[in-house]
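Engineer: Structure in structure tokens, see below.
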Amino acid sequence: MAAAELERLRMAGAGMAIAVLTSGGDAQGMNAAVRAVTRMGIYVGAKVFLIYEGYEGLVEGGDNIKQATWLSVSNIIQLGGTVIGSARCKAFTTREGRLRAARNLVEHGITNLCVIGGDGSLTGADIFRAEWGGLLDELLRDGQISEEVAKANGRLNIVGLVGSIDNDFCGTDMTIGTDSALHRIMEVIDAITTTAQSHQRTFVLEVMGRHCGYLALVSGLASGADWLFIPESPPEDGWEDMMCERLGETRSRGSRLNIIIIAEGAIDRNGKPITSNYVKDLVVQRLGFDTRVTVLGHVQRGGTPSAFDRVLSSKMGMEAVMALLEATPDTPACVVSLSGNQSVRLPLMECVQVTKDVQKAMDEKRFDEAIQLRGRSFENNWNIYKMLAHQKPAQEKSPFSLAILNVGAPAAGMNAAVRSAVRISICQGHTVYAVNDGFEGLAKGQIREVGWHDVAGWLGRGGSMLGTKRTLPKTCMEKIVENVRKFNIQALLVIGGFEAYEGVLQLVEARGQYEELCIIMCVIPATISNNVPGTDFSLGSDTAVNAAMESCDRIKQSASGTKRRVFIVETMGGYCGYLSTVTGIAVGADAAYVYEDPFTIHDLKANVEHLTDKMKTDIQRGLVLRNEKCHEHYTTEFLYNLYSSEGKGIFDCRINVLGHLQQGGAPTPFDRNYGTKLGVKAVLWMSEKLQEVYRKGRVFANSADSACVIGLRKKVVAFSPVTELKKVTDFEHRLPQEQWWLNLRLMLKMLANYQISLTEYISGKMEHVTRRTLSIEKGF
């Protein structure tokens with residue numbers, strides 16, 4: 001949209017009244033969405049009202065509808081649940097209830113409603129919108145409103161945000177709360193794994209998902225569960241024998257535990273429920289294993305939202321206000337959703353229809369179709385889980401051997417990628433070598449063949465089990481070539497950060513000198529800095545953002561105990577400001593200084609003044625993030641001194657350097673899942689390439705597309721040749737020349753109350769949901 005149009009749109013907010021409510025089951029991230037809608041509404045000059053207790057508050061009116069200020073939503077981004085309350089409301093399902101709701105809205109001049117809830121809540125909102133004209137006529141007839149009031153409030157605009165931990169709404173990659181629910185589930189699985197191993201136990205874990213198996217599926221994939229039950233794909237008849245045989249098999253090979261994950265809505269082929277107790281009794285009777293059931297229940301809804309949910313909700317909340325500003329009488333009620341890393345708008349009822357189609361397909365036992373309607377990402381997860389859960393002997397031994405190594409600093413998710421790459425290679429019949437200590441280990445011959453069970457239990461481990469070094473190939477090229485020849489390595493999978501990409505580029509450029517390097521190579525980007533070209537997200541960056549965010553939450557908490565304090569927090573990331581920008585949005589920071597967004601002493605002065613003004617309000621704490629290499633001279637120490645002297649008598653300052661905390665322990669569910677998928681996709685791509693270049697018993701590959709970086713770009717998994725990426729890389733600062741996340745900085749500044757222009761805002765487009773769009777490859 002043109003800059004002038006956006007500014008005009010911003011002016012359009014004046015005189016508007018927007019109300020926001022949360023309805024249905026709570027989901028972590030709802031508060032971040034309420035905060036974003038409120039602040040964006042106020043930012044564009046609208047009046048914003050908070051409706052307490054969901055539709056019940058809308059029907060009851062009175063004190064349940066209150067006008068919000070900027071400070072009404074301060075310090076709620078890190079809270080789980082919903083601070084404005086949610087309730088099931090019978091009255092709203094009746095016309096009489098909706099009539100009272102319309103009366104309450106008209107009383108405040110509210111004609112724009114933002115509903116955060118599941119598909120039931122959103123469908124209710126759409127019915128309300130459709131009846132609006134009729135409801136006003138009735139109020140006018142009964143003399144409850146005047147003709148002028150009816151005219152002034154003639155049209156109700158509705159926009160929905162999907163808050164549901166089940167991720168059961170078709171058309172969006174992720175719903176608000178899903179990622180946080182997965183965090184809770186993985187915390188439980190990690191905790192249970194240790195006790196199960198100690199006692200050689202089998203655990204049956206029941207997770208939420210009455211109609212949708214997403215949580216069970218992703219947690220099964222991210223934990224390497226032995227068996228999985230989801231409603232969309234009931235097990236074949238006779239599954240009891242197969243499952244017990246498989247569990248017995250893993251025990252006989254020395255495994256000390258079994259994990260079975262079951263969605264609460266799991267059914268068999270005849271539609272009969274499969275309960276966790278039935279599965280437990282089966283294992284006890286047939287195998288005699290010590291077996292326990294853990295039902296996770298509402299734990300999954302609880303706790304603090306993950307970084308992903310906070311950023312997602314903030315992004316969706318802002319986009320919802322933009323959608324209301326742009327609504328015309330012909331615009332259908334829309335729902336703001338996520339597509340890759342972009343916000344899009346979808347017609348609400350199209351999404352609801354496809355969501356109903358899934359249920360209908362399941363009721364009619366068309367299970368394959370149900371999985372397809374859930375979308376390509378769901379289908380991929382299911383297929384990959386089935387491939388990796390149990391070893392299936394390869395049809396035939398392949399002539400190829402593949403080596404896997406980690407390069408650069410450790411990043412969470414590296415082990416998940418190694419595990420899936422090893423297992424999928426074995427399925428393909430390849431010989432797999434693991435290399436310790438990166439390129440240095442490859443030069444020293446620290447190479448060993450690995451099998452299926454050597455990587456068991458790696459999924460939830462942080463850091464790098466193979467060991468990783470920063471050494472680049474050019475320091476030991478001769479020895480690397482010698483070992484590639486000696487072990488007859490025809491493909492190299494390098495999992496790591498900028499050094500991994502640079503290292504593979506050096507190997508490719510040495511092909512003219514060494515024929516042995518004419519092999520297939522692939523880089524899986526894994527670095528907390530998220531600075532590898534060719535991908536929007538690197539493995540490990542999600543875990544790092546969550547680790548930094550948790551630290552900042554604690555810092556903010558300590559600040560709220562003392563009066564008027566500003567914390568200056570230094571994050572890692574080299575020259576790349578991704579970590580501090582995204583963490584800044586997730587914790588509601590006042591500023592985040594990064595190298596890519598140059599700043600001067602005037603900007604620093606403006607930031608100090610901004611904080612000084614803030615301290616005069618009820619919020620007497622501030623948080624400023626600084627990326628470690630954002631400026632040569634404005635160091636963390638400098639900022640501390642500047643803020644301390646300028647804030648003298650108004651606030652005092654403290655410094656925190658987060659350091660290696662950010663490499664972040666156990667990987668998040670996103671990084672486990674992402675690592676698993678990238679490992680599989682990379683090996684399948686390499687296998688295909690090996691077939692293409694195999695001639696007369698040997699591999700010879702020297703085309704540009706035989707050495708690539710695999711990455712996620714918007715929605716698609718893409719393979720980009722390293723030689724092509726070289727043209728768009730700033731090697732001095734170890735950065736891609738263009739970075740998508742820079743447009744998130746606008747959101748950071750706007751939600752921190754800086755009066756900046758809307759000219760750079762990128763509006764979401766209206767798209768449509770059909771069976772065809774659902775079958776397109778989605779993000780993870």
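Chain identifiers are assigned as A, B, and so on, following the order in which chains appear in the structure tokens; residues are numbered from 1 within each chain, and ligands are numbered from 1 in order of appearance.
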What's the 7 Å shell around range 103-120 of chain A, counting only C-alpha atoms, without same-chain residues fewer than 4 positions away, as JSON, numbers by chain?

Structural biologist: {"A": [17, 18, 19, 20, 21, 22, 23, 24, 58, 61, 99, 124, 153, 155, 156, 157, 158, 159, 160, 161, 162, 163, 164, 169, 324, 352]}

Engineer: Which residues of range 220-276 of chain A come within 12 Å of range 356-367 of chain A, and for each one, what is the closest pair of atoms and their distance in Å to one decimal, counting only C-alpha atoms, sorted by chain and residue number, as a tab-separated table?

Structural biologist:
```
residue	atom	partner	partner_atom	distance
A:Ile230	CA	A:Phe367	CA	10.8
A:Pro231	CA	A:Met362	CA	7.9
A:Glu232	CA	A:Phe367	CA	5.8
A:Ser233	CA	A:Phe367	CA	5.7
A:Pro234	CA	A:Phe367	CA	7.8
A:Pro235	CA	A:Phe367	CA	10.6
A:Glu236	CA	A:Phe367	CA	11.6
A:Gly265	CA	A:Met362	CA	11.4
A:Ala266	CA	A:Met362	CA	11.4
A:Ile267	CA	A:Met362	CA	10.1
A:Asp268	CA	A:Lys365	CA	10.2
A:Arg269	CA	A:Lys365	CA	7.5
A:Asn270	CA	A:Lys365	CA	8.0
A:Gly271	CA	A:Lys365	CA	7.9
A:Lys272	CA	A:Asp363	CA	11.4
```

Engineer: Please, could you write that set of residues out with all heavy atoms as a short mmCIF file (atom, residue, chain, number, x, y, z; two decimals), in the first residue's frame?

Structural biologist:
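Listed below is the output, part17.cif:
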```
data_model
loop_
_atom_site.label_atom_id
_atom_site.label_comp_id
_atom_site.auth_asym_id
_atom_site.auth_seq_id
_atom_site.Cartn_x
_atom_site.Cartn_y
_atom_site.Cartn_z
N ILE A 230 -4.01 -40.61 16.83
CA ILE A 230 -4.66 -39.32 16.52
C ILE A 230 -6.03 -39.60 15.87
O ILE A 230 -6.18 -40.59 15.15
CB ILE A 230 -3.80 -38.43 15.59
CG1 ILE A 230 -3.48 -39.12 14.26
CG2 ILE A 230 -2.55 -37.96 16.29
CD1 ILE A 230 -2.82 -38.21 13.23
N PRO A 231 -7.02 -38.72 16.12
CA PRO A 231 -8.37 -38.99 15.59
C PRO A 231 -8.44 -39.02 14.07
O PRO A 231 -9.26 -39.72 13.49
CB PRO A 231 -9.23 -37.85 16.16
CG PRO A 231 -8.31 -36.89 16.82
CD PRO A 231 -7.00 -37.54 17.01
N GLU A 232 -7.54 -38.25 13.39
CA GLU A 232 -7.63 -38.18 11.91
C GLU A 232 -7.17 -39.47 11.22
O GLU A 232 -7.47 -39.69 10.06
CB GLU A 232 -6.76 -37.04 11.37
CG GLU A 232 -7.25 -35.66 11.68
CD GLU A 232 -6.79 -35.14 13.03
OE1 GLU A 232 -6.27 -35.93 13.85
OE2 GLU A 232 -6.96 -33.95 13.27
N SER A 233 -6.39 -40.30 11.94
CA SER A 233 -5.89 -41.51 11.28
C SER A 233 -5.91 -42.69 12.26
O SER A 233 -4.89 -43.03 12.86
CB SER A 233 -4.46 -41.26 10.78
OG SER A 233 -3.99 -42.40 10.10
N PRO A 234 -7.09 -43.29 12.45
CA PRO A 234 -7.18 -44.40 13.39
C PRO A 234 -6.28 -45.56 12.96
O PRO A 234 -6.03 -45.74 11.76
CB PRO A 234 -8.65 -44.81 13.31
CG PRO A 234 -9.34 -43.67 12.68
CD PRO A 234 -8.35 -43.02 11.79
N PRO A 235 -5.76 -46.34 13.92
CA PRO A 235 -4.87 -47.45 13.56
C PRO A 235 -5.62 -48.56 12.82
O PRO A 235 -6.85 -48.68 12.96
CB PRO A 235 -4.36 -47.94 14.92
CG PRO A 235 -5.41 -47.51 15.89
CD PRO A 235 -6.00 -46.24 15.37
N GLU A 236 -4.88 -49.35 12.07
CA GLU A 236 -5.48 -50.48 11.35
C GLU A 236 -6.03 -51.49 12.36
O GLU A 236 -5.56 -51.56 13.49
CB GLU A 236 -4.39 -51.20 10.51
CG GLU A 236 -3.72 -50.33 9.45
CD GLU A 236 -4.68 -49.88 8.36
OE1 GLU A 236 -5.68 -50.58 8.12
OE2 GLU A 236 -4.42 -48.82 7.75
N GLY A 265 -9.19 -37.46 21.72
CA GLY A 265 -10.28 -37.87 20.82
C GLY A 265 -9.93 -39.08 19.95
O GLY A 265 -10.59 -39.34 18.95
N ALA A 266 -8.89 -39.85 20.35
CA ALA A 266 -8.45 -41.00 19.52
C ALA A 266 -9.58 -42.03 19.38
O ALA A 266 -10.30 -42.32 20.33
CB ALA A 266 -7.23 -41.64 20.16
N ILE A 267 -9.69 -42.56 18.15
CA ILE A 267 -10.73 -43.57 17.88
C ILE A 267 -10.14 -44.69 17.04
O ILE A 267 -9.07 -44.53 16.44
CB ILE A 267 -11.93 -42.96 17.10
CG1 ILE A 267 -11.41 -42.14 15.88
CG2 ILE A 267 -12.80 -42.12 17.98
CD1 ILE A 267 -12.51 -41.60 14.97
N ASP A 268 -10.86 -45.83 17.00
CA ASP A 268 -10.42 -46.89 16.09
C ASP A 268 -11.17 -46.75 14.76
O ASP A 268 -11.96 -45.82 14.58
CB ASP A 268 -10.59 -48.28 16.73
CG ASP A 268 -12.06 -48.63 16.98
OD1 ASP A 268 -12.95 -47.96 16.41
OD2 ASP A 268 -12.32 -49.59 17.74
N ARG A 269 -10.95 -47.69 13.85
CA ARG A 269 -11.53 -47.59 12.50
C ARG A 269 -13.07 -47.57 12.52
O ARG A 269 -13.69 -47.12 11.57
CB ARG A 269 -11.07 -48.77 11.64
CG ARG A 269 -9.60 -48.70 11.25
CD ARG A 269 -9.41 -48.10 9.88
NE ARG A 269 -8.12 -47.41 9.81
CZ ARG A 269 -7.79 -46.56 8.85
NH1 ARG A 269 -8.63 -46.27 7.90
NH2 ARG A 269 -6.61 -45.97 8.83
N ASN A 270 -13.67 -48.08 13.60
CA ASN A 270 -15.13 -48.12 13.67
C ASN A 270 -15.69 -46.93 14.43
O ASN A 270 -16.88 -46.87 14.75
CB ASN A 270 -15.61 -49.42 14.34
CG ASN A 270 -15.06 -50.63 13.60
OD1 ASN A 270 -15.17 -50.69 12.38
ND2 ASN A 270 -14.43 -51.55 14.32
N GLY A 271 -14.80 -45.99 14.79
CA GLY A 271 -15.26 -44.79 15.50
C GLY A 271 -15.39 -44.99 17.00
O GLY A 271 -15.90 -44.14 17.72
N LYS A 272 -14.91 -46.15 17.51
CA LYS A 272 -15.00 -46.41 18.96
C LYS A 272 -13.80 -45.75 19.64
O LYS A 272 -12.67 -45.87 19.17
CB LYS A 272 -14.98 -47.93 19.16
CG LYS A 272 -15.34 -48.37 20.56
CD LYS A 272 -15.55 -49.89 20.61
CE LYS A 272 -15.06 -50.43 21.94
NZ LYS A 272 -13.82 -51.14 21.90
#
```

Engineer: Based on DSSP run over this structure's backbone, return all residues of range 440-592 of chain A in alpha helix (DSSP H), as a count of residues only.

Structural biologist: 58

Engineer: For Glu509 in chain A, work out the shell of residues within 12 Å, counting only C-alpha atoms and skipping chain neighbours fewer than 4 positions away, then give it as a VMD selection string.

Structural biologist: chain A and resid 473 to 474 477 502 to 505 513 to 515 517 to 518 702 to 704 707 722 to 723 726

Engineer: Find the residues around Val494 in chain A up to 6 Å (only C-alpha atoms counted), leave out those fewer than 5 positions away in its own chain, and share them as number ranges by chain.

Structural biologist: A: 405-406, 523

Engineer: Can you work out which one of A:Gln197, A:Asn546, A:Thr69, A:Ser343 has the shortest atom-to-atom distance to Gly254 in chain A, counting only C-alpha atoms?

Structural biologist: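 Closest candidate: A:Gln197.
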
Engineer: So how far away is CA of Cys334 in chain A from CA of Pro347 in chain A, in Å?

Structural biologist: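 These atoms are spaced 4.4 Å apart.
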
Engineer: Rank nothing, just name the residue among A:Phe49, A:Trp740, A:Val699, A:Met521 nearest to Val508 in chain A, using only C-alpha atoms.

Structural biologist: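 Checking each candidate against Val508 in chain A, we get A:Met521 as the closest.
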
Engineer: Ser551 in chain A: which residues within 9 Å, counting only C-alpha atoms, same-chain residues fewer than 5 positions away excluded, as a PyMOL selection string?

Structural biologist: chain A and resi 546+556+658+661

Engineer: List as JSON lines every residue of range 72-112 of chain A that is in contact with range 299-315 of chain A, defined as an atom at most 7 Å from one of its atoms (using only C-alpha atoms), together with the nearest atom pair and the distance in Å rounded to one decimal, sorted by chain and then rising number.

Structural biologist:
```
{"residue": "A:Ile77", "atom": "CA", "partner": "A:Arg310", "partner_atom": "CA", "distance": 6.9}
{"residue": "A:Gln78", "atom": "CA", "partner": "A:Thr304", "partner_atom": "CA", "distance": 5.9}
{"residue": "A:Leu79", "atom": "CA", "partner": "A:Thr304", "partner_atom": "CA", "distance": 5.4}
{"residue": "A:Gly80", "atom": "CA", "partner": "A:Thr304", "partner_atom": "CA", "distance": 4.6}
{"residue": "A:Gly81", "atom": "CA", "partner": "A:Gly302", "partner_atom": "CA", "distance": 6.8}
```

Engineer: Looking only at strand (DSSP E) from DSSP on the backbone, list the matching residues of range 341-376 of chain A as a ChimeraX atom specification.

Structural biologist: /A:342-347

Engineer: May I have the selected residues written with C-alpha atoms, as a PDB file, in the first residue's frame?

Structural biologist:
```pdb
ATOM      1  CA  GLN A 342       3.307 -13.183   6.842  1.00  0.00           C
ATOM      2  CA  SER A 343      -0.090 -12.075   8.185  1.00  0.00           C
ATOM      3  CA  VAL A 344      -2.971 -12.700   5.787  1.00  0.00           C
ATOM      4  CA  ARG A 345      -6.725 -12.132   5.996  1.00  0.00           C
ATOM      5  CA  LEU A 346      -9.117 -14.944   5.188  1.00  0.00           C
ATOM      6  CA  PRO A 347     -12.925 -14.863   4.882  1.00  0.00           C
TER       7      PRO A 347
END
```

Engineer: Kindly indicate which residue among A:Ile424, A:Met40, A:Val582, A:Val354 lies nearest to Ala320 in chain A, using only C-alpha atoms for the distances.

Structural biologist: A:Met40

Engineer: Which of these residues is nearest to Glu732 in chain A, using only C-alpha atoms: A:Gln490, A:Ile145, A:Ala191, A:Gly574?

Structural biologist: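 Comparing A:Gln490, A:Ile145, A:Ala191, A:Gly574 against Glu732 in chain A, the winner is A:Gly574.
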
Engineer: Excluding Gly659 in chain A and its own-chain neighbours fewer than 2 positions away, which residues fall within 7 Å of it when counting only C-alpha atoms? Please give them as number ranges by chain.

Structural biologist: A: 571-572, 657, 661-662

Engineer: Sort by chain and increasing residue number a table of all residues of range 526-613 of chain A within 8 Å of range 744-766 of chain A, each with its closest pair of atoms and their distance in Å to one decimal, counting only C-alpha atoms, and write it as a Markdown table.

Structural biologist:
```
| residue | atom | partner | partner_atom | distance |
| --- | --- | --- | --- | --- |
| A:Thr581 | CA | A:Arg745 | CA | 6.6 |
| A:Val582 | CA | A:Leu744 | CA | 7.8 |
| A:Gly584 | CA | A:Leu748 | CA | 6.9 |
| A:Ile585 | CA | A:Leu748 | CA | 5.3 |
| A:Gly588 | CA | A:Ala752 | CA | 6.9 |
| A:Ala589 | CA | A:Ala752 | CA | 6.9 |
| A:Asp590 | CA | A:Ala752 | CA | 5.4 |
| A:Ala591 | CA | A:Lys749 | CA | 7.1 |
| A:His610 | CA | A:Tyr754 | CA | 8.0 |
```

Engineer: How about saving the chosen residues, all heavy atoms kept, as a JSON list (two decimals), in the first residue's frame?

Structural biologist:
```
[["chain", "number", "residue", "atom", "x", "y", "z"],
["A", 581, "THR", "N", 15.71, -8.10, 18.33],
["A", 581, "THR", "CA", 14.43, -7.55, 17.83],
["A", 581, "THR", "C", 13.26, -8.43, 18.26],
["A", 581, "THR", "O", 12.27, -7.95, 18.82],
["A", 581, "THR", "CB", 14.46, -7.43, 16.29],
["A", 581, "THR", "OG1", 15.49, -6.51, 15.94],
["A", 581, "THR", "CG2", 13.13, -6.94, 15.74],
["A", 582, "VAL", "N", 13.37, -9.73, 18.01],
["A", 582, "VAL", "CA", 12.24, -10.63, 18.31],
["A", 582, "VAL", "C", 12.04, -10.76, 19.82],
["A", 582, "VAL", "O", 10.91, -10.76, 20.31],
["A", 582, "VAL", "CB", 12.43, -12.00, 17.62],
["A", 582, "VAL", "CG1", 11.28, -12.92, 17.94],
["A", 582, "VAL", "CG2", 12.51, -11.81, 16.10],
["A", 584, "GLY", "N", 12.78, -8.44, 21.91],
["A", 584, "GLY", "CA", 12.22, -7.14, 22.28],
["A", 584, "GLY", "C", 10.71, -7.11, 22.12],
["A", 584, "GLY", "O", 9.99, -6.61, 22.99],
["A", 585, "ILE", "N", 10.20, -7.67, 21.02],
["A", 585, "ILE", "CA", 8.75, -7.71, 20.80],
["A", 585, "ILE", "C", 8.09, -8.62, 21.84],
["A", 585, "ILE", "O", 7.06, -8.30, 22.42],
["A", 585, "ILE", "CB", 8.42, -8.22, 19.37],
["A", 585, "ILE", "CG1", 8.91, -7.20, 18.33],
["A", 585, "ILE", "CG2", 6.93, -8.46, 19.21],
["A", 585, "ILE", "CD1", 8.92, -7.71, 16.92],
["A", 588, "GLY", "N", 8.06, -6.87, 25.26],
["A", 588, "GLY", "CA", 7.54, -5.49, 25.31],
["A", 588, "GLY", "C", 8.64, -4.51, 25.69],
["A", 588, "GLY", "O", 8.45, -3.65, 26.55],
["A", 589, "ALA", "N", 9.82, -4.63, 25.06],
["A", 589, "ALA", "CA", 10.94, -3.74, 25.39],
["A", 589, "ALA", "C", 10.67, -2.32, 24.91],
["A", 589, "ALA", "O", 9.88, -2.11, 23.98],
["A", 589, "ALA", "CB", 12.22, -4.28, 24.74],
["A", 590, "ASP", "N", 11.35, -1.35, 25.53],
["A", 590, "ASP", "CA", 11.19, 0.05, 25.14],
["A", 590, "ASP", "C", 12.02, 0.39, 23.91],
["A", 590, "ASP", "O", 11.71, 1.32, 23.17],
["A", 590, "ASP", "CB", 11.60, 0.96, 26.30],
["A", 590, "ASP", "CG", 10.66, 0.77, 27.48],
["A", 590, "ASP", "OD1", 9.53, 1.25, 27.40],
["A", 590, "ASP", "OD2", 11.05, 0.10, 28.45],
["A", 591, "ALA", "N", 13.12, -0.34, 23.71],
["A", 591, "ALA", "CA", 13.95, -0.12, 22.51],
["A", 591, "ALA", "C", 14.83, -1.35, 22.32],
["A", 591, "ALA", "O", 15.10, -2.09, 23.27],
["A", 591, "ALA", "CB", 14.81, 1.12, 22.69],
["A", 610, "HIS", "N", 11.97, 9.44, 26.08],
["A", 610, "HIS", "CA", 10.79, 8.58, 26.06],
["A", 610, "HIS", "C", 10.64, 7.85, 27.40],
["A", 610, "HIS", "O", 9.55, 7.77, 27.96],
["A", 610, "HIS", "CB", 10.96, 7.57, 24.91],
["A", 610, "HIS", "CG", 9.79, 6.67, 24.72],
["A", 610, "HIS", "ND1", 8.63, 7.08, 24.11],
["A", 610, "HIS", "CD2", 9.58, 5.38, 25.07],
["A", 610, "HIS", "CE1", 7.77, 6.08, 24.07],
["A", 610, "HIS", "NE2", 8.32, 5.04, 24.67]]
```

Engineer: Taking 5 positions as the minimum chain separation for residues in the same chain, which residues sit within 7 Å of Thr676 in chain A when counting only C-alpha atoms? Answer as a PyMOL selection string.

Structural biologist: chain A and resi 416-417+420

Engineer: Of the residues A:Ala27, A:Ser223, A:Ile84, A:Thr193, which is the one nearest to Thr175 in chain A, using only C-alpha atoms?

Structural biologist: A:Ala27
